[in-house]
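Visitor: Here it is, the structure, as structure tokens.
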Amino acid sequence: MSKTKYSEKAQEKVGKVMKEFKEGELKSSSGEKVTNRKQAVAIGISEAKEAGLKVPKQKKKND
């Protein structure tokens, strides 16, 4: 199984978002405080995509 590869800049972006999350300062688009780790990661990846950084496509889930 191959590992998913993010660009260095994308990893830095997600790292910054996770730091905000750990400090309790990360807010969602609705303005509420983010309390879920997975949601924080998703926000970081989303911000990296918006910045045009290299982010792999999401894996397909088998239903």
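Identifiers in this document derive from the order of the structure tokens: chains are assigned A, B, ..., residues are numbered from 1 separately in each chain, and ligands are numbered from 1 in order of occurrence.
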Assign secondary structure with DSSP using the backbone only, and return the residues of chain A in alpha helix (DSSP H) as a ChimeraX atom specification.

Guide: /A:8-23,37-50

Visitor: Near range 50-56 of chain A, within 6 Å and counting only C-alpha atoms, which residues show up once chain neighbours fewer than 3 positions away are dropped, as a PyMOL selection string?

Guide: chain A and resi 6-7+10+47

Visitor: Give me, please, the distance in Å between CA of Glu23 in chain A and CA of Lys59 in chain A, quoted to one decimal.

Guide: 29.3 Å

Visitor: List as a compact mmCIF listing (two decimals) with N, CA and C atoms, in the first residue's frame the protein and nucleic acid residues near Leu26 in chain A, meaning an atom at most 12 Å away when only C-alpha atoms are counted, but skip any in the same chain fewer than 2 places from it.

Guide:
```txt
# COMPACT_ATOMS: atom_id res chain seq x y z
N VAL A 14 -1.36 22.32 7.43
CA VAL A 14 -2.14 21.45 8.32
C VAL A 14 -1.56 21.51 9.73
N LYS A 16 -0.05 24.05 11.18
CA LYS A 16 -0.45 25.31 11.81
C LYS A 16 -1.89 25.24 12.30
N VAL A 17 -2.77 24.64 11.48
CA VAL A 17 -4.17 24.50 11.88
C VAL A 17 -4.29 23.60 13.10
N MET A 18 -3.52 22.52 13.14
CA MET A 18 -3.57 21.61 14.29
C MET A 18 -3.05 22.29 15.55
N LYS A 19 -2.07 23.17 15.41
CA LYS A 19 -1.56 23.91 16.56
C LYS A 19 -2.66 24.82 17.11
N GLU A 20 -3.39 25.50 16.21
CA GLU A 20 -4.52 26.33 16.64
C GLU A 20 -5.56 25.48 17.36
N PHE A 21 -5.82 24.29 16.82
CA PHE A 21 -6.80 23.38 17.43
C PHE A 21 -6.37 23.00 18.84
N LYS A 22 -5.11 22.64 19.01
CA LYS A 22 -4.61 22.22 20.32
C LYS A 22 -4.67 23.37 21.34
N GLU A 23 -4.48 24.60 20.85
CA GLU A 23 -4.53 25.76 21.73
C GLU A 23 -5.97 26.21 21.99
N GLY A 24 -6.94 25.59 21.29
CA GLY A 24 -8.34 25.92 21.47
C GLY A 24 -8.77 27.18 20.75
N SER A 28 -14.62 27.07 13.26
CA SER A 28 -15.18 26.60 11.99
C SER A 28 -15.71 27.80 11.21
N SER A 29 -16.20 27.55 10.00
CA SER A 29 -16.70 28.65 9.17
C SER A 29 -17.93 29.32 9.80
N SER A 30 -18.65 28.60 10.65
CA SER A 30 -19.82 29.18 11.32
C SER A 30 -19.42 30.00 12.54
N GLY A 31 -18.14 29.96 12.90
CA GLY A 31 -17.64 30.73 14.03
C GLY A 31 -17.60 29.97 15.34
N GLU A 32 -18.04 28.70 15.32
CA GLU A 32 -18.00 27.90 16.55
C GLU A 32 -16.63 27.26 16.73
N LYS A 33 -16.25 27.05 17.99
CA LYS A 33 -14.96 26.43 18.30
C LYS A 33 -14.95 24.98 17.85
N VAL A 34 -13.86 24.56 17.21
CA VAL A 34 -13.73 23.18 16.73
C VAL A 34 -13.24 22.31 17.89
N THR A 35 -13.98 21.21 18.16
CA THR A 35 -13.61 20.32 19.27
C THR A 35 -13.24 18.93 18.77
N ASN A 36 -13.43 18.66 17.47
CA ASN A 36 -13.17 17.34 16.91
C ASN A 36 -11.85 17.36 16.13
N ARG A 37 -10.95 16.44 16.44
CA ARG A 37 -9.64 16.37 15.79
C ARG A 37 -9.76 16.15 14.29
N GLN A 39 -12.20 16.97 12.34
CA GLN A 39 -12.70 18.19 11.71
C GLN A 39 -11.56 19.19 11.55
N ALA A 40 -10.67 19.26 12.52
CA ALA A 40 -9.52 20.16 12.45
C ALA A 40 -8.61 19.78 11.29
N VAL A 41 -8.37 18.49 11.10
CA VAL A 41 -7.54 18.02 9.99
C VAL A 41 -8.20 18.38 8.66
N ILE A 43 -10.22 20.82 8.04
CA ILE A 43 -10.09 22.26 7.82
C ILE A 43 -8.70 22.58 7.29
N GLY A 44 -7.67 21.96 7.86
CA GLY A 44 -6.29 22.19 7.41
C GLY A 44 -6.10 21.77 5.96
```

Visitor: Please, what distance in Å, to one decimal, runs between CA of Lys60 in chain A and CA of Ala42 in chain A?

Guide: 15.5 Å

Visitor: Using only C-alpha atoms, which of A:Lys5, A:Glu25, A:Gln11, A:Lys61 sits nearest Ser46 in chain A?

Guide: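 Looking at the shortest contact to Ser46 in chain A, the residue is A:Gln11.
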